[in-house]
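Structure data (mmCIF, C-alpha atoms) from protein-v6.cif:
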data_model
#
loop_
_atom_site.label_atom_id
_atom_site.label_comp_id
_atom_site.auth_asym_id
_atom_site.auth_seq_id
_atom_site.Cartn_x
_atom_site.Cartn_y
_atom_site.Cartn_z
CA MET Q 1 89.83 114.31 132.50
CA ALA Q 2 87.57 115.99 129.91
CA ALA Q 3 86.67 113.95 126.82
CA GLU Q 4 89.16 114.76 124.10
CA GLU Q 5 88.66 114.84 120.40
CA VAL Q 6 91.71 114.31 118.22
CA LYS Q 7 91.45 114.09 114.46
CA LEU Q 8 94.23 113.76 111.91
CA LEU Q 9 93.73 114.74 108.29
CA LYS Q 10 96.33 112.93 106.15
CA THR Q 11 96.69 110.69 103.12
CA TRP Q 12 97.60 106.99 103.05
CA SER Q 13 101.07 107.77 101.71
CA SER Q 14 101.91 111.21 103.14
CA ARG Q 15 105.35 111.01 104.76
CA PHE Q 16 104.60 114.15 106.79
CA GLY Q 17 101.29 112.73 107.96
CA LEU Q 18 103.04 109.53 108.98
CA ARG Q 19 105.33 111.43 111.38
CA VAL Q 20 102.26 112.64 113.21
CA VAL Q 21 100.81 109.10 113.28
CA TRP Q 22 104.06 107.83 114.81
CA ALA Q 23 104.02 110.54 117.48
CA LEU Q 24 100.37 109.89 118.37
CA LYS Q 25 101.02 106.12 118.56
CA LEU Q 26 104.16 106.65 120.63
CA LYS Q 27 102.12 108.58 123.19
CA GLY Q 28 99.14 106.24 123.02
CA ILE Q 29 96.75 108.98 121.91
CA GLN Q 30 93.43 107.91 120.43
CA TYR Q 31 92.53 109.75 117.26
CA ASP Q 32 90.26 109.66 114.20
CA ALA Q 33 92.19 109.35 110.96
CA ILE Q 34 90.65 111.10 107.97
CA ASP Q 35 92.31 110.13 104.69
CA GLU Q 36 92.09 112.91 102.14
CA ASP Q 37 92.02 112.69 98.37
CA LEU Q 38 94.34 115.55 97.41
CA SER Q 39 92.99 115.65 93.86
CA ASN Q 40 89.62 116.50 95.38
CA LYS Q 41 90.29 118.35 98.63
CA SER Q 42 87.54 118.17 101.20
CA ALA Q 43 85.74 121.22 102.57
CA LEU Q 44 87.12 120.19 105.96
CA LEU Q 45 90.74 120.40 104.76
CA LEU Q 46 90.18 123.77 103.12
CA GLN Q 47 88.55 125.04 106.29
CA TYR Q 48 91.26 123.72 108.61
CA ASN Q 49 94.30 124.62 106.49
CA PRO Q 50 93.32 127.59 104.33
CA VAL Q 51 96.91 128.84 104.02
CA TYR Q 52 98.52 125.71 102.53
CA LYS Q 53 95.54 123.43 101.81
CA LYS Q 54 97.79 120.48 102.67
CA VAL Q 55 97.97 117.50 104.96
CA PRO Q 56 98.69 116.74 107.71
CA VAL Q 57 96.36 118.75 109.89
CA LEU Q 58 95.83 117.83 113.52
CA VAL Q 59 92.51 118.94 114.97
CA HIS Q 60 92.41 118.94 118.79
CA ASN Q 61 89.03 119.68 120.31
CA GLY Q 62 88.07 121.52 117.12
CA LYS Q 63 91.27 123.58 116.88
CA PRO Q 64 93.42 122.91 113.79
CA ILE Q 65 97.23 122.86 113.62
CA SER Q 66 99.17 122.49 110.37
CA GLU Q 67 102.83 121.87 109.44
CA SER Q 68 104.10 118.54 110.70
CA LEU Q 69 106.99 119.80 112.86
CA VAL Q 70 104.70 122.38 114.49
CA ILE Q 71 102.18 119.59 115.11
CA LEU Q 72 104.85 117.34 116.65
CA GLU Q 73 105.93 120.06 119.10
CA TYR Q 74 102.28 120.70 119.99
CA ILE Q 75 101.70 117.00 120.63
CA ASP Q 76 104.80 116.87 122.85
CA GLU Q 77 103.69 119.88 124.90
CA THR Q 78 100.10 118.70 125.26
CA TRP Q 79 100.65 115.01 126.08
CA LYS Q 80 103.64 114.56 128.40
CA GLN Q 81 104.13 110.77 128.29
CA ASN Q 82 106.99 109.36 126.15
CA PRO Q 83 108.53 112.75 125.33
CA ILE Q 84 109.75 113.47 121.80
CA LEU Q 85 111.97 116.34 122.91
CA PRO Q 86 114.49 116.25 125.77
CA GLU Q 87 114.32 118.64 128.72
CA ASP Q 88 117.73 120.20 128.19
CA PRO Q 89 117.51 123.30 125.93
CA LEU Q 90 120.77 122.51 124.11
CA GLU Q 91 119.67 118.96 123.33
CA LYS Q 92 116.28 120.30 122.26
CA ALA Q 93 118.05 122.73 119.91
CA ARG Q 94 120.04 119.86 118.44
CA GLU Q 95 116.86 117.86 117.73
CA ARG Q 96 115.21 120.88 116.09
CA PHE Q 97 118.34 121.63 114.03
CA TRP Q 98 118.42 118.12 112.56
CA ALA Q 99 114.66 117.93 111.97
CA LYS Q 100 114.99 121.17 110.00
CA PHE Q 101 118.02 119.78 108.17
CA ASN Q 102 115.96 116.84 106.97
CA ASP Q 103 113.06 119.01 105.84
CA GLU Q 104 115.08 121.81 104.25
CA LYS Q 105 118.15 120.01 102.90
CA LEU Q 106 118.18 116.20 102.89
CA LEU Q 107 114.64 115.41 101.81
CA PRO Q 108 114.53 118.03 99.00
CA SER Q 109 117.90 116.84 97.63
CA ILE Q 110 116.82 113.18 97.53
CA TRP Q 111 113.45 114.19 96.10
CA GLY Q 112 115.30 116.25 93.48
CA ALA Q 113 117.36 113.19 92.55
CA PHE Q 114 114.09 111.30 92.03
CA THR Q 115 112.15 113.96 90.13
CA LYS Q 116 114.70 115.91 88.08
CA GLU Q 117 116.64 115.17 84.93
CA GLY Q 118 120.02 115.96 83.42
CA LYS Q 119 122.15 118.62 85.10
CA GLU Q 120 119.54 119.40 87.78
CA ARG Q 121 119.51 115.73 88.74
CA GLU Q 122 123.31 115.61 88.95
CA GLU Q 123 123.27 118.65 91.22
CA ALA Q 124 120.57 117.12 93.41
CA ILE Q 125 122.55 113.89 93.77
CA ALA Q 126 125.71 115.83 94.66
CA ALA Q 127 123.76 117.79 97.30
CA ALA Q 128 122.25 114.56 98.66
CA VAL Q 129 125.72 113.00 98.99
CA GLU Q 130 126.94 116.07 100.95
CA ASN Q 131 123.86 116.07 103.14
CA LEU Q 132 124.05 112.33 103.83
CA LYS Q 133 127.67 112.77 104.99
CA PHE Q 134 126.54 115.21 107.67
CA VAL Q 135 123.73 112.91 108.76
CA GLU Q 136 126.12 109.94 108.99
CA GLU Q 137 128.48 112.05 111.11
CA GLU Q 138 125.66 113.01 113.48
CA LEU Q 139 124.85 109.35 114.14
CA LYS Q 140 128.36 108.55 115.45
CA GLY Q 141 128.11 106.81 118.82
CA LYS Q 142 124.32 106.88 118.81
CA LYS Q 143 121.58 104.32 118.25
CA PHE Q 144 119.04 106.97 117.30
CA PHE Q 145 119.38 110.71 116.59
CA GLY Q 146 117.75 111.13 119.99
CA GLY Q 147 120.30 108.83 121.68
CA GLU Q 148 118.91 105.68 123.28
CA LYS Q 149 115.33 106.59 122.41
CA ILE Q 150 113.81 108.21 119.34
CA GLY Q 151 113.04 111.91 119.30
CA LEU Q 152 111.90 114.68 116.99
CA ALA Q 153 114.82 114.26 114.58
CA ASP Q 154 114.20 110.49 114.24
CA LEU Q 155 110.55 111.16 113.41
CA ALA Q 156 111.68 113.70 110.79
CA PHE Q 157 114.21 111.32 109.21
CA GLY Q 158 111.86 108.33 109.60
CA TRP Q 159 110.66 108.48 105.99
CA LEU Q 160 114.08 107.15 104.94
CA ALA Q 161 113.41 103.88 106.72
CA TYR Q 162 110.51 102.86 104.50
CA LEU Q 163 110.62 105.10 101.42
CA ILE Q 164 114.26 105.04 100.27
CA CYS Q 165 114.00 101.37 99.29
CA VAL Q 166 110.96 102.28 97.16
CA PHE Q 167 112.95 104.99 95.37
CA ASP Q 168 115.86 102.53 94.91
CA GLU Q 169 113.53 99.99 93.35
CA VAL Q 170 111.80 102.46 91.04
CA THR Q 171 114.91 104.33 89.84
CA GLY Q 172 117.36 101.43 89.90
CA PHE Q 173 119.76 103.81 91.64
CA LYS Q 174 120.80 103.45 95.27
CA ILE Q 175 121.38 106.77 97.03
CA VAL Q 176 121.81 105.58 100.61
CA ASP Q 177 124.48 102.99 99.96
CA GLU Q 178 127.36 101.33 101.89
CA ARG Q 179 129.06 104.73 102.26
CA TYR Q 180 126.60 105.35 105.09
CA PRO Q 181 126.74 102.30 107.40
CA LEU Q 182 125.47 104.17 110.48
CA LEU Q 183 122.49 105.53 108.58
CA LEU Q 184 121.69 102.09 107.16
CA ALA Q 185 121.87 100.65 110.70
CA TRP Q 186 119.60 103.44 111.97
CA MET Q 187 117.10 102.72 109.18
CA GLN Q 188 117.02 99.09 110.31
CA GLU Q 189 116.54 100.04 113.98
CA PHE Q 190 113.83 102.55 113.16
CA SER Q 191 111.88 100.20 110.94
CA GLN Q 192 111.87 97.59 113.73
CA LEU Q 193 110.18 99.96 116.19
CA PRO Q 194 106.57 98.96 116.90
CA ILE Q 195 105.28 102.39 115.78
CA ALA Q 196 107.04 101.96 112.41
CA LYS Q 197 106.32 98.26 111.90
CA ASP Q 198 102.61 98.67 112.54
CA ASN Q 199 102.10 101.96 110.75
CA CYS Q 200 104.02 102.19 107.51
CA PRO Q 201 102.19 102.28 104.19
CA PRO Q 202 102.33 98.98 102.27
CA HIS Q 203 105.57 98.69 100.26
CA ASP Q 204 103.93 97.31 97.12
CA LYS Q 205 101.34 100.06 97.02
CA LEU Q 206 104.11 102.66 97.39
CA VAL Q 207 106.12 101.11 94.54
CA ILE Q 208 103.07 101.33 92.26
CA LYS Q 209 102.48 104.95 93.20
CA TYR Q 210 106.09 106.10 92.78
CA GLN Q 211 106.63 104.02 89.65
CA ALA Q 212 103.68 105.81 88.04
CA LEU Q 213 105.00 109.19 89.17
CA TYR Q 214 108.52 108.40 87.93
CA GLU Q 215 107.26 107.37 84.50
CA LYS Q 216 105.19 110.55 84.28
CA LEU Q 217 108.23 112.71 85.16
CA HIS Q 218 110.70 110.82 82.99
CA PRO Q 219 108.80 109.69 79.87
CA ALA Q 220 110.66 107.04 77.93
CA LYS Q 221 112.26 108.57 74.88
CA MET M 1 126.99 132.11 137.56
CA SER M 2 129.35 133.58 134.98
CA GLU M 3 128.04 133.13 131.50
CA GLU M 4 129.66 133.49 128.14
CA VAL M 5 127.36 134.41 125.30
CA LYS M 6 128.69 135.21 121.84
CA VAL M 7 126.96 135.87 118.54
CA LEU M 8 128.67 135.23 115.21
CA GLY M 9 126.75 137.51 112.88
CA ASN M 10 126.76 139.95 110.02
CA TRP M 11 125.70 143.60 110.39
CA GLY M 12 123.26 143.51 107.46
CA SER M 13 121.80 140.01 107.88
CA CYS M 14 118.19 140.01 109.05
CA PHE M 15 118.71 136.44 110.36
CA SER M 16 121.65 137.52 112.46
CA ARG M 17 119.72 140.56 113.75
CA ARG M 18 116.79 138.29 114.78
CA VAL M 19 119.07 136.61 117.29
CA GLU M 20 120.37 139.94 118.61
CA LEU M 21 116.78 141.16 119.03
CA ALA M 22 115.82 138.04 120.99
CA LEU M 23 118.84 138.46 123.30
CA LYS M 24 118.02 142.15 123.84
CA ILE M 25 114.39 141.30 124.67
CA LYS M 26 115.71 138.98 127.38
CA GLY M 27 118.31 141.49 128.56
CA VAL M 28 121.17 139.06 127.92
CA GLU M 29 124.66 140.53 127.57
CA TYR M 30 126.64 139.10 124.68
CA GLU M 31 129.83 139.54 122.72
CA TYR M 32 129.28 140.20 119.03
CA ILE M 33 131.69 138.87 116.42
CA GLU M 34 131.25 140.25 112.90
CA GLU M 35 131.66 137.71 110.12
CA ASP M 36 132.46 138.65 106.55
CA VAL M 37 129.92 136.45 104.81
CA TYR M 38 130.79 137.66 101.32
CA GLY M 39 134.51 137.09 101.64
CA ASN M 40 136.33 134.22 103.27
CA LYS M 41 134.48 132.38 106.00
CA SER M 42 136.42 132.50 109.23
CA PRO M 43 137.81 129.34 110.86
CA LEU M 44 135.52 130.13 113.81
CA LEU M 45 132.41 130.03 111.62
CA LEU M 46 133.50 126.83 109.86
CA LYS M 47 134.22 125.24 113.24
CA TYR M 48 130.94 126.22 114.90
CA ASN M 49 128.61 125.74 111.92
CA PRO M 50 130.22 123.09 109.73
CA VAL M 51 126.88 121.99 108.27
CA HIS M 52 125.59 125.30 106.90
CA LYS M 53 128.70 127.53 107.26
CA LYS M 54 126.38 130.51 107.84
CA VAL M 55 125.57 133.17 110.37
CA PRO M 56 124.04 133.53 112.85
CA VAL M 57 125.61 131.17 115.36
CA LEU M 58 125.01 131.54 119.08
CA LEU M 59 127.77 130.36 121.39
CA HIS M 60 126.64 129.74 124.96
CA ASN M 61 129.47 128.76 127.29
CA GLY M 62 131.32 127.48 124.24
CA LYS M 63 128.44 125.37 122.87
CA PRO M 64 127.26 126.42 119.38
CA ILE M 65 123.70 126.60 118.12
CA ALA M 66 122.92 127.45 114.48
CA GLU M 67 119.76 128.39 112.54
CA SER M 68 118.15 131.63 113.75
CA LEU M 69 114.74 130.19 114.69
CA VAL M 70 116.32 127.24 116.54
CA ILE M 71 118.54 129.77 118.35
CA ILE M 72 115.55 131.93 119.34
CA GLU M 73 113.70 128.94 120.82
CA TYR M 74 116.89 128.10 122.74
CA ILE M 75 117.11 131.69 124.02
CA GLU M 76 113.45 131.52 125.11
CA GLU M 77 114.01 128.31 127.05
CA THR M 78 117.32 129.29 128.62
CA TRP M 79 116.63 132.83 129.84
CA LYS M 80 113.39 133.57 131.63
CA GLY M 81 112.03 137.12 131.83
CA THR M 82 110.12 138.74 128.96
CA PRO M 83 108.57 135.83 127.02
CA ILE M 84 108.98 135.55 123.25
CA LEU M 85 106.43 132.73 122.90
CA PRO M 86 102.97 132.35 124.47
CA GLU M 87 102.48 129.82 127.31
CA ASP M 88 99.44 128.12 125.83
CA PRO M 89 100.47 125.20 123.56
CA TYR M 90 97.90 126.10 120.89
CA GLU M 91 98.92 129.76 120.77
CA LYS M 92 102.56 128.63 120.69
CA ALA M 93 101.75 126.38 117.72
CA MET M 94 100.10 129.30 115.93
CA ALA M 95 103.19 131.46 116.52
CA ARG M 96 105.44 128.72 115.16
CA PHE M 97 103.13 128.21 112.17
CA TRP M 98 103.26 131.87 111.17
CA THR M 99 107.00 132.04 111.78
CA LYS M 100 107.49 129.14 109.36
CA PHE M 101 105.19 130.89 106.89
CA VAL M 102 107.36 134.01 107.03
CA ASP M 103 110.58 132.00 106.60
CA GLU M 104 109.48 129.48 104.00
CA LYS M 105 106.99 131.46 101.92
CA CYS M 106 107.17 135.24 102.48
CA LEU M 107 110.90 135.82 102.50
CA PRO M 108 111.77 133.71 99.43
CA ALA M 109 108.83 135.21 97.48
CA LEU M 110 109.83 138.75 98.44
CA TRP M 111 113.48 138.12 97.57
CA ARG M 112 112.49 136.71 94.17
CA ALA M 113 110.25 139.70 93.48
CA VAL M 114 112.98 142.18 94.43
CA TRP M 115 115.63 140.68 92.15
CA SER M 116 113.53 139.26 89.33
CA PRO M 117 114.24 140.34 85.75
CA GLU M 118 111.65 142.70 84.24
CA ASN M 119 109.91 140.05 82.16
CA GLU M 120 109.26 137.87 85.23
CA ARG M 121 108.57 140.70 87.65
CA GLU M 122 104.80 140.92 87.41
CA LYS M 123 104.26 137.29 88.36
CA ALA M 124 106.88 137.42 91.13
CA VAL M 125 105.32 140.57 92.62
CA GLU M 126 101.86 138.99 92.49
CA GLU M 127 103.08 135.94 94.41
CA ALA M 128 104.91 138.02 96.98
CA CYS M 129 101.86 140.22 97.52
CA LYS M 130 99.68 137.13 98.08
CA CYS M 131 102.08 136.15 100.89
CA LEU M 132 101.95 139.63 102.41
CA GLU M 133 98.17 139.59 102.29
CA THR M 134 98.04 136.23 104.08
CA LEU M 135 100.56 137.42 106.66
CA GLN M 136 98.57 140.60 107.22
CA SER M 137 95.54 138.50 108.12
CA ALA M 138 97.54 136.95 110.98
CA LEU M 139 97.78 140.36 112.66
CA ASN M 140 94.04 140.23 113.25
CA GLY M 141 93.67 143.65 114.84
CA LYS M 142 96.66 143.26 117.15
CA ARG M 143 99.44 145.77 117.58
CA PHE M 144 102.10 143.08 117.07
CA PHE M 145 101.86 139.48 115.86
CA GLY M 146 102.78 138.62 119.46
CA GLY M 147 99.88 140.71 120.84
CA ASP M 148 100.81 143.73 122.95
CA THR M 149 104.51 143.03 122.77
CA VAL M 150 106.96 141.79 120.14
CA GLY M 151 107.01 137.99 119.89
CA LEU M 152 108.49 135.21 117.78
CA VAL M 153 106.56 136.08 114.61
CA ASP M 154 107.48 139.76 114.83
CA ILE M 155 111.15 138.83 115.27
CA ALA M 156 111.00 136.42 112.31
CA ALA M 157 109.33 139.09 110.16
CA ASN M 158 112.05 141.67 110.86
CA PHE M 159 112.98 141.63 107.17
CA ILE M 160 109.47 142.83 106.35
CA GLY M 161 109.49 145.23 109.30
CA PHE M 162 112.68 147.04 108.33
CA TRP M 163 114.69 145.71 105.40
CA LEU M 164 111.90 145.61 102.81
CA ARG M 165 111.05 149.30 102.79
CA ILE M 166 114.75 150.17 102.48
CA ILE M 167 115.16 147.73 99.58
CA GLN M 168 112.11 149.25 97.87
CA GLU M 169 113.77 152.65 98.17
CA ALA M 170 117.00 151.25 96.68
CA THR M 171 115.28 149.59 93.72
CA GLY M 172 112.77 152.37 93.11
CA HIS M 173 109.95 149.79 93.07
CA GLY M 174 107.33 150.43 95.74
CA ASP M 175 104.86 147.83 94.59
CA LEU M 176 105.41 145.21 97.27
CA LEU M 177 104.74 146.72 100.69
CA SER M 178 102.81 149.99 100.69
CA ALA M 179 100.31 151.66 103.00
CA GLU M 180 97.73 151.54 100.20
CA LYS M 181 98.08 147.83 99.50
CA PHE M 182 98.58 146.54 103.04
CA PRO M 183 97.49 149.20 105.55
CA THR M 184 97.59 147.11 108.73
CA LEU M 185 100.86 145.37 107.82
CA PHE M 186 102.40 148.71 106.91
CA LYS M 187 101.28 150.13 110.26
CA TRP M 188 102.85 147.12 111.96
CA THR M 189 106.23 147.97 110.36
CA ASP M 190 106.04 151.44 111.98
CA GLU M 191 105.14 149.92 115.36
CA PHE M 192 107.94 147.38 114.98
CA VAL M 193 110.76 149.82 114.24
CA SER M 194 109.65 152.30 116.89
CA CYS M 195 109.95 149.66 119.63
CA SER M 196 113.02 150.61 121.65
CA VAL M 197 114.38 147.06 121.96
CA VAL M 198 113.92 146.57 118.19
CA LYS M 199 115.63 149.89 117.41
CA GLN M 200 118.73 148.71 119.27
CA SER M 201 118.90 145.55 117.14
CA LEU M 202 118.60 147.14 113.69
CA PRO M 203 121.44 147.96 111.31
CA PRO M 204 122.04 151.66 110.51
CA ARG M 205 119.48 152.74 107.90
CA ASP M 206 121.89 154.72 105.71
CA LYS M 207 124.46 151.94 105.64
CA LEU M 208 121.81 149.37 104.64
CA LEU M 209 120.36 151.65 101.96
CA ALA M 210 123.81 152.26 100.50
CA PHE M 211 124.50 148.53 100.55
CA PHE M 212 121.34 147.72 98.58
CA LYS M 213 121.82 150.61 96.16
CA ALA M 214 125.23 149.12 95.37
CA ARG M 215 123.69 145.68 94.85
CA VAL M 216 121.06 147.15 92.50
CA ALA M 217 123.77 148.95 90.53
CA GLU M 218 125.78 145.71 90.29
CA ALA M 219 122.70 143.80 89.07
CA ASN M 220 121.95 146.44 86.45
CA ALA M 221 125.56 146.57 85.27
CA SER M 222 125.58 142.83 84.66
CA LYS M 223 122.56 142.97 82.32
#
So, in terms of structure tokens, how does the structure I just supplied come out?
Amino acid sequence: MAAEEVKLLKTWSSRFGLRVVWALKLKGIQYDAIDEDLSNKSALLLQYNPVYKKVPVLVHNGKPISESLVILEYIDETWKQNPILPEDPLEKARERFWAKFNDEKLLPSIWGAFTKEGKEREEAIAAAVENLKFVEEELKGKKFFGGEKIGLADLAFGWLAYLICVFDEVTGFKIVDERYPLLLAWMQEFSQLPIAKDNCPPHDKLVIKYQALYEKLHPAK
Amino acid sequence: MSEEVKVLGNWGSCFSRRVELALKIKGVEYEYIEEDVYGNKSPLLLKYNPVHKKVPVLLHNGKPIAESLVIIEYIEETWKGTPILPEDPYEKAMARFWTKFVDEKCLPALWRAVWSPENEREKAVEEACKCLETLQSALNGKRFFGGDTVGLVDIAANFIGFWLRIIQEATGHGDLLSAEKFPTLFKWTDEFVSCSVVKQSLPPRDKLLAFFKARVAEANASK
């Protein structure tokens, strides 16, 4: 097999970059991690992702791919071991639907609850509660979103397993509470996976980062 | 094997028409069910898309799939024949990247620019035009985003290919997509709508123009 070069441009805390790390680790792919400083973007990042100038970017034998879900599908199609997506088209569609749901609905609503104030915050919380209900429903009878093994949707929702507790601590407000027992159980299961245990950013460092951000967004009156 | 394919859609929705275009490219027969998305949502829609309660929904042998781009990938994987995505994983990733760019950046920016109040218009138009310029670069000398034939990106950009010029006519503002500003993208819209399989999937021009003229009148009346 030809020598392969896999690089991943990310940051230490990027939740989208972490999905790609998990996928690479799951498949046992060797790669070079390049941690970016987003306040001072490298020439490499600007060259490899001129459209968004964001992380993560996967570079495979010199060819760059951006957008974490696009990267995950590319990884799955290129390295066949430990598949992230099932063979059956309907099951595949289900995984893609829920990955999109996280990215387009759940994550933005929880992020809105963290970042916004007043009426906007109330609306974000209400949306998050709605969204979490659907997610809880989807987990009925399943260990993971992918069934017995994790899949694309689990990797998309994975940020909940290590970041929600940080938000809880910083805001003093618990969004994923006992109304969602299946989701809480899933978070436990996910965080116990070797790929998660060995590869999550340090909790304390995350608390410092998000505490600083929270104080900046909500200055004490 | 007898197959049952149904589409819950709306005549004027570009998202709904994306799915119809994909099915026509594959030569798949389907039953179309028109949903009134502005009035009451039908029990069928609420049953088959409880999460988003939106069109389009594809029903294949009774199993529902929602979200137009998820549906198109399902169509690609289920029915062989004319491909919508390239074989090569890298080229596939590029197609998916640009499709996401259309959906997440271009369409919202264009929609904002179309409906923005006068005092915010200049900025909104500037942002939308930046998106169009970036999208134009993805054409890279090809006839379609998909190369010689219509592919995933072309299907996703159907709003730009057909709806946008009609909306510009309805609003009287031609400052978003024009042959002067974006010559190769403009040319692509002509190529797109003259494709026979695309033609079959588009709403009637007059009906769509009348619809948007009415929306413009409504928006002006409420000022």
### Message
Here's a test: counting all atoms listed in the file, identify every protein, DNA and RNA residue with an atom at most 10 Å from (119.6, 146.0, 88.3) in the file's coordinate frame, and state them as a ChimeraX atom specification.
### Response
/M:114-118,171,213-223
### Query
Quick one: which residues from chain Q are at most 10 Å off chain M, using all atoms listed in the file, as a ChimeraX atom specification?
/Q:50-52,60,63-78,87-97,100-101,104-105,130-131,133-135
### Task
Give as a PyMOL selection string the residues that the PyMOL selection byres ((chain M and resi 26) around 12) matches when applied to the coordinates above.
chain M and resi 19-25+27-30+72+74-84+150-151+197
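When all atoms listed in the file are used to compute distances to Ala138 of chain M, the closest of the residues M:His173, M:Lys187, M:Leu44, M:Thr99 turns out to be M:Thr99.
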### Message
Counting all atoms listed in the file, which residue out of M:Leu107, M:Leu58, M:Ala179, M:Leu8 sits closest to Val37 of chain M?
### Response
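Closest to Val37 of chain M of all the choices is M:Leu8.
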### Message
Between atom CA of Pro203 of chain M and atom CA of Leu177 of chain M, what is the distance in Å, rounded to a tenth?
### Response
19.8 Å
### Query
How would you write, as a PyMOL selection string, the residues chosen by the PyMOL selection byres ((chain Q and resi 147) around 12) on this structure?
chain Q and resi 84-86+91+94-95+138-146+148-154+186
### Task
Tell me which protein, DNA and RNA residues are within 12 Å of Leu107 of chain Q, counting only C-alpha atoms, leaving out same-chain ones fewer than 5 positions away, and put them as a list in words.
Arg15, Phe16, Trp98, Ala99, Lys100, Phe101, Asn102, Gly112, Ala113, Phe114, Ala124, Ile125, Ala127, Ala128, Val129, Asn131, Leu132, Val135, Ala156, Phe157, Gly158, Trp159, Leu160, Leu163, Ile164 and Ile175 of chain Q
Would you output that residue set with C-alpha atoms, as a short mmCIF file (atom, residue, chain, number, x, y, z; two decimals), in the frame of the given file?
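The resulting part_29.cif:
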data_model
loop_
_atom_site.label_atom_id
_atom_site.label_comp_id
_atom_site.auth_asym_id
_atom_site.auth_seq_id
_atom_site.Cartn_x
_atom_site.Cartn_y
_atom_site.Cartn_z
CA ARG Q 15 105.35 111.01 104.76
CA PHE Q 16 104.60 114.15 106.79
CA TRP Q 98 118.42 118.12 112.56
CA ALA Q 99 114.66 117.93 111.97
CA LYS Q 100 114.99 121.17 110.00
CA PHE Q 101 118.02 119.78 108.17
CA ASN Q 102 115.96 116.84 106.97
CA GLY Q 112 115.30 116.25 93.48
CA ALA Q 113 117.36 113.19 92.55
CA PHE Q 114 114.09 111.30 92.03
CA ALA Q 124 120.57 117.12 93.41
CA ILE Q 125 122.55 113.89 93.77
CA ALA Q 127 123.76 117.79 97.30
CA ALA Q 128 122.25 114.56 98.66
CA VAL Q 129 125.72 113.00 98.99
CA ASN Q 131 123.86 116.07 103.14
CA LEU Q 132 124.05 112.33 103.83
CA VAL Q 135 123.73 112.91 108.76
CA ALA Q 156 111.68 113.70 110.79
CA PHE Q 157 114.21 111.32 109.21
CA GLY Q 158 111.86 108.33 109.60
CA TRP Q 159 110.66 108.48 105.99
CA LEU Q 160 114.08 107.15 104.94
CA LEU Q 163 110.62 105.10 101.42
CA ILE Q 164 114.26 105.04 100.27
CA ILE Q 175 121.38 106.77 97.03
#
### Query
What is the distance, in Å and to one decimal place, between atom CA of Phe15 of chain M and atom CA of Ala170 of chain M?
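Atom CA of Ala170 of chain M lies 20.2 Å from atom CA of Phe15 of chain M.
Straight-line separation from atom CA of Asp37 of chain Q to atom CA of Pro219 of chain Q: 25.2 Å.
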### Query
Using all atoms listed in the file, which residue out of M:Lys54, M:Lys199, M:Arg165, M:Lys105 lies closest to Ser42 of chain M?
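Smallest distance to Ser42 of chain M is found for M:Lys54.
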### Message
So that I can see what lies close to Lys130 of chain M, please list as a PyMOL selection string the residues with an atom at most 12 Å from it, counting all atoms listed in the file and leaving out residues fewer than 3 positions away in the same chain.
### Response
(chain Q and resi 51) or (chain M and resi 105-106+109-110+113+123-127+133-137+176-177+181-182)
#### Entry: Matched chain/residue IDs from the PyMOL selection byres ((chain Q and resi 211) around 9), as a list in words
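Evaluating the PyMOL selection byres ((chain Q and resi 211) around 9) on these coordinates yields Val166, Phe167, Glu169, Val170, Thr171, Leu206, Val207, Ile208, Lys209, Tyr210, Ala212, Leu213, Tyr214, Glu215 and Lys216 of chain Q.
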Generate a file of the selected residues that holds C-alpha atoms, formatted as a short mmCIF file (atom, residue, chain, number, x, y, z; two decimals), keeping the file's coordinate frame.
data_model
loop_
_atom_site.label_atom_id
_atom_site.label_comp_id
_atom_site.auth_asym_id
_atom_site.auth_seq_id
_atom_site.Cartn_x
_atom_site.Cartn_y
_atom_site.Cartn_z
CA VAL Q 166 110.96 102.28 97.16
CA PHE Q 167 112.95 104.99 95.37
CA GLU Q 169 113.53 99.99 93.35
CA VAL Q 170 111.80 102.46 91.04
CA THR Q 171 114.91 104.33 89.84
CA LEU Q 206 104.11 102.66 97.39
CA VAL Q 207 106.12 101.11 94.54
CA ILE Q 208 103.07 101.33 92.26
CA LYS Q 209 102.48 104.95 93.20
CA TYR Q 210 106.09 106.10 92.78
CA ALA Q 212 103.68 105.81 88.04
CA LEU Q 213 105.00 109.19 89.17
CA TYR Q 214 108.52 108.40 87.93
CA GLU Q 215 107.26 107.37 84.50
CA LYS Q 216 105.19 110.55 84.28
#
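You can rank Q:Tyr162, Q:Lys80, Q:Ile29, Q:Pro181 by their closest distance to Ala196 of chain Q using only C-alpha atoms, and at the top of that list sits Q:Tyr162.
For the set Q:Leu193, Q:Leu45, Q:Val55, Q:Ile34, the residue with the smallest atom-to-atom gap to Val6 of chain Q is Q:Ile34, counting all atoms listed in the file.
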